[in-house]
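Text of model37.cif, listed as mmCIF, C-alpha atoms and all ligand atoms:
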data_my_file
#
loop_
_atom_site.label_atom_id
_atom_site.label_comp_id
_atom_site.auth_asym_id
_atom_site.auth_seq_id
_atom_site.Cartn_x
_atom_site.Cartn_y
_atom_site.Cartn_z
CA MET A 13 -15.77 26.33 -38.59
CA GLN A 14 -19.21 27.39 -39.88
CA THR A 15 -21.67 24.52 -40.32
CA SER A 16 -25.11 24.09 -41.86
CA ILE A 17 -26.25 20.76 -40.51
CA PRO A 18 -29.93 19.94 -41.22
CA ALA A 19 -32.35 19.77 -38.30
CA SER A 20 -32.90 16.03 -38.84
CA ILE A 21 -29.29 15.45 -37.71
CA LEU A 22 -28.91 18.43 -35.42
CA ASP A 23 -31.87 17.26 -33.31
CA THR A 24 -30.05 14.05 -32.36
CA PRO A 25 -27.52 13.80 -29.48
CA ASN A 26 -24.77 12.73 -31.92
CA GLY A 27 -25.62 15.53 -34.36
CA ARG A 28 -25.45 18.18 -31.62
CA GLU A 29 -22.19 16.78 -30.31
CA ALA A 30 -20.64 16.68 -33.80
CA GLU A 31 -21.67 20.26 -34.49
CA GLY A 32 -20.07 21.44 -31.24
CA ILE A 33 -16.82 19.67 -32.16
CA LEU A 34 -16.79 20.99 -35.74
CA ARG A 35 -17.29 24.55 -34.57
CA LYS A 36 -14.04 24.42 -32.61
CA CYS A 37 -11.94 23.61 -35.68
CA VAL A 38 -10.21 26.63 -37.22
CA HIS A 39 -8.63 24.79 -40.21
CA CYS A 40 -5.11 25.58 -39.00
CA GLY A 41 -3.75 22.17 -40.04
CA PHE A 42 -1.37 21.82 -37.07
CA CYS A 43 -2.84 18.34 -36.55
CA ASN A 44 -1.56 17.14 -39.93
CA ALA A 45 2.01 17.38 -38.61
CA THR A 46 1.50 14.50 -36.17
CA CYS A 47 -0.83 12.33 -38.28
CA PRO A 48 0.83 9.04 -39.30
CA THR A 49 -1.32 8.51 -42.38
CA TYR A 50 -0.76 12.07 -43.60
CA GLN A 51 2.97 11.54 -43.17
CA LEU A 52 2.86 8.30 -45.17
CA LEU A 53 0.47 9.33 -47.93
CA GLY A 54 0.85 13.14 -48.12
CA ASN A 55 -2.81 13.53 -49.12
CA GLU A 56 -4.90 16.18 -47.35
CA LEU A 57 -7.85 13.77 -47.21
CA ASP A 58 -5.67 11.23 -45.37
CA GLY A 59 -4.98 13.72 -42.60
CA PRO A 60 -7.25 14.92 -39.77
CA ARG A 61 -8.14 18.29 -41.30
CA GLY A 62 -9.25 16.67 -44.55
CA ARG A 63 -11.18 13.95 -42.75
CA ILE A 64 -12.92 16.56 -40.61
CA TYR A 65 -13.93 18.31 -43.81
CA LEU A 66 -15.28 15.06 -45.27
CA MET A 67 -17.30 14.37 -42.12
CA LYS A 68 -18.66 17.91 -42.11
CA GLN A 69 -19.89 17.41 -45.68
CA VAL A 70 -21.65 14.18 -44.71
CA LEU A 71 -23.22 15.79 -41.63
CA GLU A 72 -24.45 18.61 -43.86
CA GLY A 73 -26.28 16.13 -46.04
CA HIS A 74 -23.82 15.33 -48.86
CA ARG A 75 -23.95 11.73 -49.92
CA PRO A 76 -20.73 9.93 -48.91
CA THR A 77 -18.96 7.94 -51.60
CA HIS A 78 -16.74 4.89 -51.34
CA ARG A 79 -13.84 7.36 -51.40
CA THR A 80 -15.15 8.97 -48.21
CA LEU A 81 -15.28 5.55 -46.60
CA THR A 82 -11.73 4.75 -47.73
CA HIS A 83 -10.26 7.94 -46.23
CA LEU A 84 -12.05 7.29 -42.92
CA ASP A 85 -11.03 3.60 -42.95
CA ARG A 86 -7.39 4.62 -43.35
CA CYS A 87 -7.57 6.64 -40.11
CA LEU A 88 -5.94 4.69 -37.28
CA THR A 89 -8.06 6.46 -34.63
CA CYS A 90 -4.74 6.97 -32.86
CA ARG A 91 -5.88 10.46 -31.75
CA ALA A 92 -2.40 11.97 -32.08
CA CYS A 93 -4.17 14.83 -33.86
CA GLU A 94 -6.36 15.39 -30.82
CA THR A 95 -3.36 15.84 -28.54
CA THR A 96 -1.78 18.25 -31.05
CA CYS A 97 -4.86 20.37 -31.75
CA PRO A 98 -4.59 23.79 -30.03
CA SER A 99 -8.38 24.32 -30.26
CA GLY A 100 -9.44 21.21 -28.34
CA VAL A 101 -11.16 19.47 -31.28
CA GLU A 102 -12.25 16.03 -30.06
CA TYR A 103 -11.39 14.23 -33.27
CA GLY A 104 -11.81 10.74 -31.77
CA ARG A 105 -15.43 11.37 -30.87
CA LEU A 106 -16.13 13.10 -34.19
CA VAL A 107 -14.75 10.20 -36.21
CA ASP A 108 -16.93 7.76 -34.22
CA ILE A 109 -20.01 9.79 -35.13
CA GLY A 110 -18.85 10.35 -38.72
CA ARG A 111 -18.11 6.67 -39.30
CA GLU A 112 -21.52 5.62 -38.00
CA LEU A 113 -23.21 8.01 -40.41
CA VAL A 114 -21.04 7.08 -43.40
CA GLU A 115 -21.49 3.38 -42.67
CA LYS A 116 -25.29 3.80 -42.84
CA ARG A 117 -25.18 5.70 -46.11
CA THR A 118 -22.65 3.69 -48.11
CA ARG A 119 -22.40 0.07 -49.04
CA ARG A 120 -19.31 -1.99 -48.33
CA SER A 121 -18.24 -4.83 -50.59
CA TRP A 122 -19.10 -8.34 -49.36
CA PRO A 123 -15.47 -9.25 -48.60
CA GLU A 124 -15.20 -6.12 -46.40
CA VAL A 125 -18.45 -6.91 -44.61
CA LEU A 126 -17.38 -10.51 -44.00
CA ALA A 127 -13.89 -9.55 -42.79
CA ARG A 128 -15.30 -7.06 -40.29
CA PHE A 129 -17.93 -9.52 -39.10
CA ALA A 130 -15.32 -12.27 -38.66
CA ILE A 131 -13.00 -9.98 -36.66
CA ARG A 132 -15.85 -8.88 -34.38
CA SER A 133 -17.06 -12.46 -33.94
CA ILE A 134 -13.70 -14.05 -33.17
CA PHE A 135 -11.61 -11.51 -31.28
CA ALA A 136 -14.21 -10.60 -28.66
CA ARG A 137 -14.50 -14.27 -27.62
CA PRO A 138 -11.56 -15.71 -25.64
CA LEU A 139 -12.60 -19.29 -26.44
CA LEU A 140 -12.44 -18.67 -30.19
CA VAL A 141 -9.13 -16.79 -29.84
CA ARG A 142 -7.76 -19.76 -27.86
CA LEU A 143 -8.90 -22.20 -30.56
CA ALA A 144 -7.37 -20.03 -33.30
CA LEU A 145 -4.11 -19.87 -31.33
CA LEU A 146 -4.15 -23.62 -30.76
CA ALA A 147 -4.58 -24.23 -34.49
CA GLY A 148 -1.83 -21.71 -35.28
CA ARG A 149 0.58 -23.21 -32.74
CA THR A 150 -0.07 -26.75 -33.98
CA ALA A 151 0.59 -25.74 -37.57
CA ARG A 152 3.49 -23.43 -36.62
CA PRO A 153 6.33 -25.50 -38.10
CA LEU A 154 4.52 -25.60 -41.44
CA LEU A 155 3.74 -21.87 -41.59
CA PRO A 156 5.82 -19.44 -43.69
CA PRO A 157 8.05 -17.23 -41.45
CA GLY A 158 5.83 -14.13 -41.86
CA LEU A 159 2.74 -15.98 -40.65
CA ARG A 160 4.68 -17.88 -37.96
CA ARG A 161 5.59 -14.62 -36.25
CA MET A 162 1.88 -13.77 -35.97
CA VAL A 163 1.30 -16.76 -33.67
CA PRO A 164 2.53 -15.94 -30.17
CA PRO A 165 4.22 -18.84 -28.35
CA ALA A 166 2.38 -20.18 -25.29
CA ARG A 167 3.88 -18.76 -22.09
CA ARG A 168 2.99 -19.92 -18.60
CA ALA A 169 1.10 -17.35 -16.55
CA GLY A 170 2.58 -18.46 -13.22
CA ARG A 171 0.83 -18.53 -9.88
CA ARG A 172 -1.64 -15.81 -8.95
CA PRO A 173 -1.42 -14.65 -5.35
CA ALA A 174 -4.33 -15.35 -3.00
CA GLY A 175 -6.58 -12.36 -2.27
CA ARG A 176 -5.03 -11.60 1.13
CA HIS A 177 -5.17 -7.80 1.25
CA ARG A 178 -7.86 -5.54 2.62
CA ARG A 179 -7.22 -3.13 -0.26
CA ARG A 180 -8.85 -4.47 -3.43
CA MET A 181 -8.96 -3.37 -7.03
CA LEU A 182 -10.86 -4.96 -9.90
CA VAL A 183 -8.90 -6.10 -12.93
CA LEU A 184 -10.29 -6.54 -16.44
CA SER A 185 -9.60 -10.00 -17.87
CA GLY A 186 -10.96 -9.01 -21.27
CA CYS A 187 -10.77 -11.16 -24.39
CA VAL A 188 -7.69 -11.26 -26.66
CA GLN A 189 -5.17 -10.72 -23.88
CA ARG A 190 -6.79 -13.30 -21.62
CA ALA A 191 -6.36 -15.91 -24.36
CA ALA A 192 -3.04 -14.85 -25.93
CA GLU A 193 -1.01 -13.57 -22.97
CA PRO A 194 -2.57 -14.58 -19.63
CA ARG A 195 0.79 -13.95 -18.03
CA ILE A 196 0.30 -10.17 -18.19
CA ASN A 197 -2.58 -10.08 -15.72
CA ALA A 198 -0.92 -12.72 -13.55
CA ALA A 199 2.21 -10.53 -13.42
CA ALA A 200 0.05 -7.50 -12.57
CA ALA A 201 -1.60 -9.46 -9.73
CA ARG A 202 1.85 -10.35 -8.31
CA VAL A 203 3.12 -6.78 -8.59
CA PHE A 204 0.03 -5.29 -6.94
CA ASP A 205 0.16 -7.98 -4.26
CA ARG A 206 3.64 -6.74 -3.32
CA LEU A 207 2.23 -3.23 -3.20
CA GLY A 208 -0.44 -4.33 -0.70
CA VAL A 209 -3.39 -4.57 -3.11
CA SER A 210 -5.29 -7.70 -4.20
CA LEU A 211 -6.53 -7.67 -7.79
CA VAL A 212 -9.92 -9.36 -8.15
CA ARG A 213 -11.68 -10.63 -11.27
CA ALA A 214 -15.44 -10.37 -11.65
CA ARG A 215 -17.31 -13.36 -13.00
CA GLY A 216 -19.25 -12.56 -16.15
CA GLU A 217 -17.09 -9.72 -17.46
CA GLY A 218 -15.61 -9.96 -20.94
CA CYS A 219 -14.62 -7.90 -23.95
CA CYS A 220 -14.74 -4.19 -23.11
CA GLY A 221 -16.60 -3.44 -26.36
CA ALA A 222 -13.65 -1.79 -28.14
CA ILE A 223 -13.69 -4.14 -31.13
CA ASP A 224 -17.39 -3.56 -31.86
CA HIS A 225 -17.10 0.13 -31.06
CA HIS A 226 -14.23 0.71 -33.51
CA LEU A 227 -15.85 -1.42 -36.21
CA THR A 228 -19.03 0.64 -36.04
CA ALA A 229 -21.30 -1.86 -34.32
CA PRO A 230 -22.52 0.48 -31.56
CA ALA A 231 -25.46 -1.61 -30.30
CA ARG A 232 -23.26 -4.66 -29.74
CA ALA A 233 -20.55 -2.52 -28.12
CA VAL A 234 -23.01 -0.96 -25.69
CA ALA A 235 -24.45 -4.40 -24.81
CA ARG A 236 -20.94 -5.54 -23.84
CA MET A 237 -20.44 -2.40 -21.76
CA ARG A 238 -23.69 -2.95 -19.84
CA ARG A 239 -22.78 -6.59 -19.15
CA ASN A 240 -19.39 -5.55 -17.76
CA ILE A 241 -20.92 -2.87 -15.56
CA ASP A 242 -23.34 -5.45 -14.13
CA ALA A 243 -20.43 -7.80 -13.38
CA TRP A 244 -18.30 -5.11 -11.71
CA TRP A 245 -20.97 -3.27 -9.81
CA PRO A 246 -21.19 -5.51 -6.69
CA PHE A 247 -17.40 -5.17 -6.26
CA ILE A 248 -17.57 -1.41 -6.68
CA GLU A 249 -20.35 -1.20 -4.10
CA SER A 250 -18.30 -3.26 -1.70
CA GLY A 251 -15.29 -0.94 -1.93
CA ALA A 252 -13.05 -1.84 -4.90
CA GLU A 253 -10.74 1.17 -5.15
CA ALA A 254 -10.12 1.08 -8.90
CA LEU A 255 -10.52 -0.95 -12.07
CA ILE A 256 -7.07 -1.88 -13.36
CA VAL A 257 -6.94 -2.34 -17.13
CA THR A 258 -3.61 -3.75 -18.33
CA ALA A 259 -4.47 -3.26 -22.02
CA SER A 260 -4.50 0.48 -22.67
CA GLY A 261 -6.74 0.00 -25.71
CA CYS A 262 -9.44 -1.40 -23.43
CA GLY A 263 -8.71 1.22 -20.76
CA ALA A 264 -9.30 4.05 -23.22
CA VAL A 265 -12.72 2.65 -24.17
CA ILE A 266 -13.75 2.00 -20.55
CA ARG A 267 -12.90 5.64 -19.77
CA GLU A 268 -15.54 6.45 -22.41
CA TYR A 269 -18.29 4.28 -20.88
CA GLY A 270 -19.71 7.28 -19.03
CA ARG A 271 -20.03 9.28 -22.19
CA LEU A 272 -21.25 6.45 -24.39
CA LEU A 273 -24.00 5.47 -21.92
CA ARG A 274 -24.92 8.95 -20.74
CA ASP A 275 -28.41 8.77 -22.32
CA ASP A 276 -29.19 5.38 -20.79
CA PRO A 277 -31.24 6.06 -17.65
CA ALA A 278 -30.49 2.64 -16.16
CA TYR A 279 -26.71 2.79 -16.69
CA ALA A 280 -25.60 6.43 -17.04
CA GLU A 281 -24.62 6.90 -13.40
CA LYS A 282 -22.96 3.50 -13.04
CA ALA A 283 -21.08 3.93 -16.33
CA ALA A 284 -19.72 7.31 -15.21
CA ARG A 285 -18.51 5.71 -11.96
CA VAL A 286 -16.85 2.83 -13.82
CA SER A 287 -15.08 5.30 -16.12
CA SER A 288 -13.81 7.28 -13.16
CA LEU A 289 -12.36 4.09 -11.60
CA ALA A 290 -10.61 2.81 -14.75
CA ARG A 291 -6.83 3.06 -14.33
CA ASP A 292 -3.87 1.98 -16.35
CA PRO A 293 -1.45 0.07 -14.09
CA GLY A 294 1.17 2.72 -14.96
CA GLU A 295 -0.93 5.35 -13.23
CA ALA A 296 -1.69 3.12 -10.23
CA VAL A 297 1.90 1.89 -9.72
CA ALA A 298 3.24 5.46 -10.07
CA GLU A 299 0.85 6.56 -7.32
CA ALA A 300 1.82 3.63 -5.09
CA LEU A 301 5.52 4.44 -5.48
CA ALA A 302 4.89 8.11 -4.72
CA ALA A 303 2.76 7.37 -1.64
CA ASP A 304 5.05 4.86 0.07
CA GLU A 305 8.83 5.08 0.03
CA MET A 306 9.16 1.38 0.98
CA ALA A 307 7.09 0.29 -2.05
CA LEU A 308 10.13 0.10 -4.31
CA ASP A 309 11.93 -2.25 -1.90
CA ARG A 310 8.86 -4.46 -1.65
CA LEU A 311 8.88 -4.95 -5.43
CA GLY A 312 12.31 -6.58 -5.06
CA LEU A 313 13.25 -5.94 -8.67
CA ASN A 314 15.86 -8.13 -10.29
CA GLY A 315 15.78 -6.49 -13.71
CA ARG A 316 17.38 -3.21 -12.64
CA GLY A 317 19.81 -1.87 -15.19
CA ALA A 318 18.26 -3.72 -18.17
CA LYS A 319 18.03 -1.55 -21.29
CA VAL A 320 14.37 -1.03 -22.15
CA ALA A 321 12.82 0.64 -25.20
CA PHE A 322 9.29 1.63 -24.26
CA HIS A 323 6.62 1.94 -26.93
CA ALA A 324 3.85 4.16 -25.57
CA PRO A 325 0.57 3.02 -27.19
CA CYS A 326 -1.60 5.78 -28.65
CA THR A 327 -4.43 4.66 -26.39
CA LEU A 328 -2.20 5.33 -23.37
CA SER A 329 -0.85 8.69 -24.55
CA HIS A 330 -3.79 10.17 -26.44
CA GLY A 331 -6.75 8.09 -25.19
CA LEU A 332 -6.05 7.83 -21.47
CA ARG A 333 -3.86 10.97 -21.48
CA ALA A 334 -1.36 9.13 -19.29
CA ALA A 335 1.75 9.95 -21.34
CA GLY A 336 4.92 9.52 -19.31
CA ALA A 337 3.39 7.52 -16.44
CA VAL A 338 4.99 4.17 -17.36
CA GLU A 339 8.29 5.80 -18.30
CA ARG A 340 8.45 7.40 -14.84
CA VAL A 341 7.80 4.03 -13.19
CA LEU A 342 10.51 2.30 -15.25
CA ASP A 343 13.00 5.08 -14.46
CA ARG A 344 12.16 4.96 -10.76
CA CYS A 345 12.60 1.18 -10.77
CA GLY A 346 16.13 1.49 -12.13
CA PHE A 347 15.73 0.37 -15.73
CA GLU A 348 17.84 2.08 -18.36
CA ARG A 349 15.34 3.52 -20.81
CA VAL A 350 16.72 4.06 -24.30
CA PRO A 351 15.42 7.08 -26.28
CA VAL A 352 12.84 6.29 -28.98
CA ALA A 353 12.42 8.70 -31.90
CA ASP A 354 8.91 9.76 -32.97
CA GLY A 355 7.37 8.16 -29.88
CA HIS A 356 4.03 9.85 -30.67
CA LEU A 357 3.59 7.86 -33.90
CA CYS A 358 1.32 4.82 -34.00
CA CYS A 359 2.90 1.37 -34.52
CA GLY A 360 0.12 0.45 -36.99
CA SER A 361 -1.64 -2.07 -34.77
CA ALA A 362 -4.66 0.11 -33.91
CA GLY A 363 -7.17 -2.61 -33.02
CA ALA A 364 -8.25 -4.34 -36.22
CA TYR A 365 -6.34 -1.91 -38.44
CA SER A 366 -3.41 -4.27 -39.05
CA MET A 367 -5.86 -6.80 -40.50
CA LEU A 368 -7.99 -4.34 -42.46
CA GLU A 369 -5.25 -2.02 -43.76
CA PRO A 370 -2.23 -4.35 -43.87
CA ALA A 371 -0.07 -2.32 -46.29
CA LEU A 372 -0.18 0.93 -44.29
CA SER A 373 0.07 -0.98 -41.02
CA LYS A 374 3.23 -2.77 -42.21
CA ARG A 375 4.94 0.50 -43.15
CA LEU A 376 4.18 1.96 -39.72
CA LEU A 377 5.39 -1.22 -38.01
CA GLU A 378 8.72 -1.13 -39.88
CA ARG A 379 9.30 2.50 -38.88
CA LYS A 380 8.35 1.85 -35.28
CA VAL A 381 10.53 -1.22 -34.79
CA GLU A 382 13.48 0.55 -36.41
CA ALA A 383 13.02 3.46 -33.97
CA LEU A 384 12.66 1.12 -30.98
CA GLU A 385 15.73 -0.98 -31.81
CA ARG A 386 18.01 1.93 -32.73
CA GLY A 387 19.20 2.23 -29.10
CA ARG A 388 20.02 -1.52 -28.95
CA PRO A 389 17.67 -2.37 -26.04
CA ASP A 390 17.65 -5.73 -24.24
CA VAL A 391 13.88 -5.73 -24.36
CA ILE A 392 11.00 -3.76 -25.87
CA ALA A 393 8.13 -3.01 -23.51
CA THR A 394 4.67 -1.67 -24.20
CA ALA A 395 1.29 -1.33 -22.48
CA ASN A 396 -1.27 -2.77 -24.87
CA ILE A 397 -1.78 -6.32 -26.09
CA GLY A 398 -2.48 -5.25 -29.68
CA CYS A 399 0.79 -3.29 -29.93
CA LEU A 400 2.69 -6.10 -28.20
CA LEU A 401 1.59 -8.81 -30.62
CA HIS A 402 2.05 -6.48 -33.59
CA LEU A 403 5.61 -5.44 -32.62
CA ARG A 404 6.61 -9.08 -32.12
CA ARG A 405 5.94 -9.72 -35.80
CA ARG A 406 9.02 -7.71 -36.72
CA ALA A 407 11.14 -7.07 -33.63
CA SER A 408 14.36 -8.99 -33.13
CA GLN A 409 14.29 -8.29 -29.37
CA PRO A 410 11.75 -9.77 -26.93
CA VAL A 411 8.56 -7.70 -26.62
CA VAL A 412 6.71 -7.76 -23.28
CA HIS A 413 4.17 -5.81 -21.28
CA TRP A 414 6.13 -3.45 -19.02
CA ILE A 415 4.41 -4.82 -15.88
CA GLU A 416 6.26 -8.11 -16.52
CA LEU A 417 9.55 -6.27 -15.98
CA LEU A 418 8.44 -5.49 -12.43
CA ASP A 419 7.51 -9.11 -11.77
CA PRO A 420 10.71 -10.91 -10.79
CA SER A 421 8.82 -13.99 -9.62
CA ALA A 422 7.48 -14.78 -13.11
CA PRO A 423 9.52 -17.48 -14.86
CA GLY A 424 12.03 -15.80 -17.13
CA SER A 425 10.25 -12.46 -17.35
CA ALA A 426 12.80 -9.70 -16.94
CA PRO A 427 15.99 -10.12 -18.92
S1 LIG B 501 -5.29 21.38 -35.35
FE1 LIG B 501 -7.38 21.39 -34.54
S2 LIG B 501 -8.24 23.35 -35.21
FE2 LIG B 501 -6.41 22.98 -36.46
S3 LIG B 501 -7.21 21.91 -38.32
FE3 LIG B 501 -6.58 20.34 -36.86
S4 LIG B 501 -8.47 19.85 -35.73
FE4 LIG B 501 -8.83 21.83 -36.75
S1 LIG B 502 -6.63 9.70 -35.44
FE1 LIG B 502 -4.48 9.36 -36.07
S2 LIG B 502 -4.59 8.62 -38.19
FE2 LIG B 502 -6.61 9.48 -37.69
S3 LIG B 502 -6.53 11.58 -38.42
FE3 LIG B 502 -5.90 11.65 -36.24
S4 LIG B 502 -3.67 11.47 -36.26
FE4 LIG B 502 -4.40 10.85 -38.30
#
What is this structure when it is put down as structure tokens?
Ligand code: SF4
Ligand code: SF4
Amino acid sequence: MQTSIPASILDTPNGREAEGILRKCVHCGFCNATCPTYQLLGNELDGPRGRIYLMKQVLEGHRPTHRTLTHLDRCLTCRACETTCPSGVEYGRLVDIGRELVEKRTRRSWPEVLARFAIRSIFARPLLVRLALLAGRTARPLLPPGLRRMVPPARRAGRRPAGRHRRRMLVLSGCVQRAAEPRINAAAARVFDRLGVSLVRARGEGCCGAIDHHLTAPARAVARMRRNIDAWWPFIESGAEALIVTASGCGAVIREYGRLLRDDPAYAEKAARVSSLARDPGEAVAEALAADEMALDRLGLNGRGAKVAFHAPCTLSHGLRAAGAVERVLDRCGFERVPVADGHLCCGSAGAYSMLEPALSKRLLERKVEALERGRPDVIATANIGCLLHLRRRASQPVVHWIELLDPSAPGSAP
């Protein structure tokens, strides 16, 4: 794609990066075929090719309108288009740059500004999420059914094993998951303990920065990233083998730390190291099972044979590029995995998307749950807290993180 970006933008790191990405695009439109919003709305400007064109115009100096903002807001940032693109266009990075530019040059309505501020302020703080959950659970009997399903029931995390192993890996506690489903990380700690690895938590870590990053608050996002790196660094220096991230949405952003902090002289090197250590548990458990033939016996699974429908989050498939890792683990562990149609399509959760674009999100959720339940599974499993909570709003089957299926010691986990 030919571009004529003015020097004022081209002389910035983002401008140069955006130009390089735009030049790779050959307008073929293959990406539209896997774009959920293009499939729902059928409008070129609600597909990746049209959005790329809009961003190119803005980079070339055209003034963005509220329409530009709307088409970019409707993008789920699922990055299915990126996986499909035969020319290697890094759409996810381009839309980050494009959104930042459009945000600076347009004006949002006050309700939009307030909603985005409230989401960023509440969901990155576990204490506030806990308080919101407490209020929701207290008022649960009085809530209408639709709202009631949005409040997850409290589930006991169960005992965490003592750090008895020489092999150690860090684990991200994060924000929303820590407050809403502490059992996921506890289950991960028990599973890794059986595999001979102690998961350790670093004091002072918190939200990975994804919420601020996706809601175009880059300075706040980067501040959170630096704070996490500071918290993890002593453990990395003392030999932590990996950073396990049980929410694939957070994992995908931590993999980007190196790139997002590459121009920060104090953090560039450390951020690149952190990114290289970030692992989804699916990747780490798959490796453990491949390296040690006794590992499967040590897991002592009691859920073998259960019918599982696995929803692969976009952040796992297209962000972390770990498509198939969890499915292989579940198959190896003896679960019966039911086929799921259109597995590449987003469930509509997409970070804050379900709150900011509820109508589109609901349509995607309905399609996804219908596809997941078609094979009559006993349980639906996924790998990201956002997808998990979102799917529960409509699913008639239990929805869990897949690592809980490997955790027979957790009270009532596997069916
Ligand atoms: S598939 Fe790739 S090259 Fe083709 S229009 Fe989409 S982004 Fe551009
Ligand atoms: S990121 Fe997802 S929603 Fe956005 S353009 Fe690409 S495929 Fe479509």
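In this model, the gap between CA of Met306 (chain A) and CA of Leu328 (chain A) comes to 27.2 Å.
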Dump the neighbourhood of ligand LIG 502 (chain B) as a short mmCIF file (atom, residue, chain, number, x, y, z; two decimals) with C-alpha atoms, in the frame of the given file: all residues within 8 Å, distances computed on only C-alpha atoms and all ligand atoms.
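As written to disk, result_31.cif reads:
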data_model
loop_
_atom_site.label_atom_id
_atom_site.label_comp_id
_atom_site.auth_asym_id
_atom_site.auth_seq_id
_atom_site.Cartn_x
_atom_site.Cartn_y
_atom_site.Cartn_z
CA CYS A 43 -2.84 18.34 -36.55
CA ASN A 44 -1.56 17.14 -39.93
CA THR A 46 1.50 14.50 -36.17
CA CYS A 47 -0.83 12.33 -38.28
CA PRO A 48 0.83 9.04 -39.30
CA THR A 49 -1.32 8.51 -42.38
CA TYR A 50 -0.76 12.07 -43.60
CA ASP A 58 -5.67 11.23 -45.37
CA GLY A 59 -4.98 13.72 -42.60
CA PRO A 60 -7.25 14.92 -39.77
CA ARG A 61 -8.14 18.29 -41.30
CA ARG A 63 -11.18 13.95 -42.75
CA LEU A 84 -12.05 7.29 -42.92
CA ARG A 86 -7.39 4.62 -43.35
CA CYS A 87 -7.57 6.64 -40.11
CA LEU A 88 -5.94 4.69 -37.28
CA THR A 89 -8.06 6.46 -34.63
CA CYS A 90 -4.74 6.97 -32.86
CA ARG A 91 -5.88 10.46 -31.75
CA ALA A 92 -2.40 11.97 -32.08
CA CYS A 93 -4.17 14.83 -33.86
CA GLU A 94 -6.36 15.39 -30.82
CA TYR A 103 -11.39 14.23 -33.27
CA GLY A 104 -11.81 10.74 -31.77
CA CYS A 358 1.32 4.82 -34.00
#
List all protein, DNA and RNA residues that have any atom at most 6 Å from ligand LIG 501 (chain B), counting all atoms listed in the file, and write the list as a PyMOL selection string.
chain A and resi 37-43+61+97-99+101
Select, from A:Leu66, A:Ala45, A:Ala243, A:Ala283, the residue with the minimum atom-to-atom distance to Thr95 (chain A), counting only C-alpha atoms.
A:Ala45
Proximity to Cys399 (chain A) - best of A:Phe347, A:Ser133, A:Gly261, A:Pro194, all atoms listed in the file:
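Using all atoms listed in the file, the shortest distance to Cys399 (chain A) belongs to A:Gly261.
Minimum atom-to-atom distance to Ser366 (chain A), evaluated using only C-alpha atoms, belongs to A:His402 out of A:His225, A:Arg379, A:Arg149, A:His402.
Of the listed residues (A:Met13, A:Leu272, A:Leu384, A:Ala147), A:Leu272 comes nearest to Asn26 (chain A); the distances count all atoms listed in the file.
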Calculate how many Å separate CA of Ala290 (chain A) from CA of Gly270 (chain A), rounding to one decimal.
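Distance reported for this atom pair: 11.0 Å.
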Ref. answer, residues at most 12 Å from (-7.3, -1.6, -3.8) with only C-alpha atoms, as JSON, numbers by chain:
{"A": [175, 176, 177, 178, 179, 180, 181, 182, 183, 201, 204, 205, 207, 208, 209, 210, 211, 212, 247, 248, 250, 251, 252, 253, 254, 255, 256, 289, 291, 293, 296, 297, 300]}
Distance query 10 Å from (-9.1, -9.2, -37.3) using only C-alpha atoms, result as number ranges by chain:
A: 127-135, 223, 363-368
Selected residues, C-alpha atoms, written as a compact mmCIF listing (two decimals), in the frame of the given file, please.
# COMPACT_ATOMS: atom_id res chain seq x y z
CA ALA A 127 -13.89 -9.55 -42.79
CA ARG A 128 -15.30 -7.06 -40.29
CA PHE A 129 -17.93 -9.52 -39.10
CA ALA A 130 -15.32 -12.27 -38.66
CA ILE A 131 -13.00 -9.98 -36.66
CA ARG A 132 -15.85 -8.88 -34.38
CA SER A 133 -17.06 -12.46 -33.94
CA ILE A 134 -13.70 -14.05 -33.17
CA PHE A 135 -11.61 -11.51 -31.28
CA ILE A 223 -13.69 -4.14 -31.13
CA GLY A 363 -7.17 -2.61 -33.02
CA ALA A 364 -8.25 -4.34 -36.22
CA TYR A 365 -6.34 -1.91 -38.44
CA SER A 366 -3.41 -4.27 -39.05
CA MET A 367 -5.86 -6.80 -40.50
CA LEU A 368 -7.99 -4.34 -42.46
Using all atoms listed in the file, the residue out of A:Cys187, A:Leu113, A:Val352, A:Leu126 with shortest distance to Ala259 (chain A) is A:Cys187
A:Arg119, A:Arg35, A:Arg267, A:Lys380: which is nearest Arg75 (chain A), counting only C-alpha atoms?
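Looking at the shortest contact to Arg75 (chain A), the residue is A:Arg119.
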So what do you get for CA of Ala174 (chain A) versus CA of Pro138 (chain A), distance-wise?
23.8 Å
Would you mind listing what lies within 8 Å of Gly294 (chain A) as a VMD selection string, with all atoms listed in the file counted and same-chain residues fewer than 5 positions away left out?
chain A and resid 337 to 338 341
Excluding same-chain residues fewer than 3 positions from region 406-408 of chain A, what lies within 9 Å of it counting all atoms listed in the file, as a list in words?
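Skipping anything fewer than 3 positions along the chain leaves Gly158, Arg161, Leu377, Glu378, Val381, Glu382, Leu384, Glu385, Ile392, His402, Leu403 and Val411 of chain A.
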Can you pull out every residue within 12 Å of Leu273 (chain A), counting all atoms listed in the file, but drop anything in the same chain fewer than 5 positions away, and send it as a list in words?
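The residues satisfying every condition are Pro25, Pro230, Ala231, Ala233, Val234, Ala235, Arg236, Met237, Arg238, Ile241, Val265, Ile266, Arg267, Glu268, Ala278, Tyr279, Ala280, Glu281, Lys282, Ala283, Ala284, Arg285, Val286 and Ser287 of chain A.
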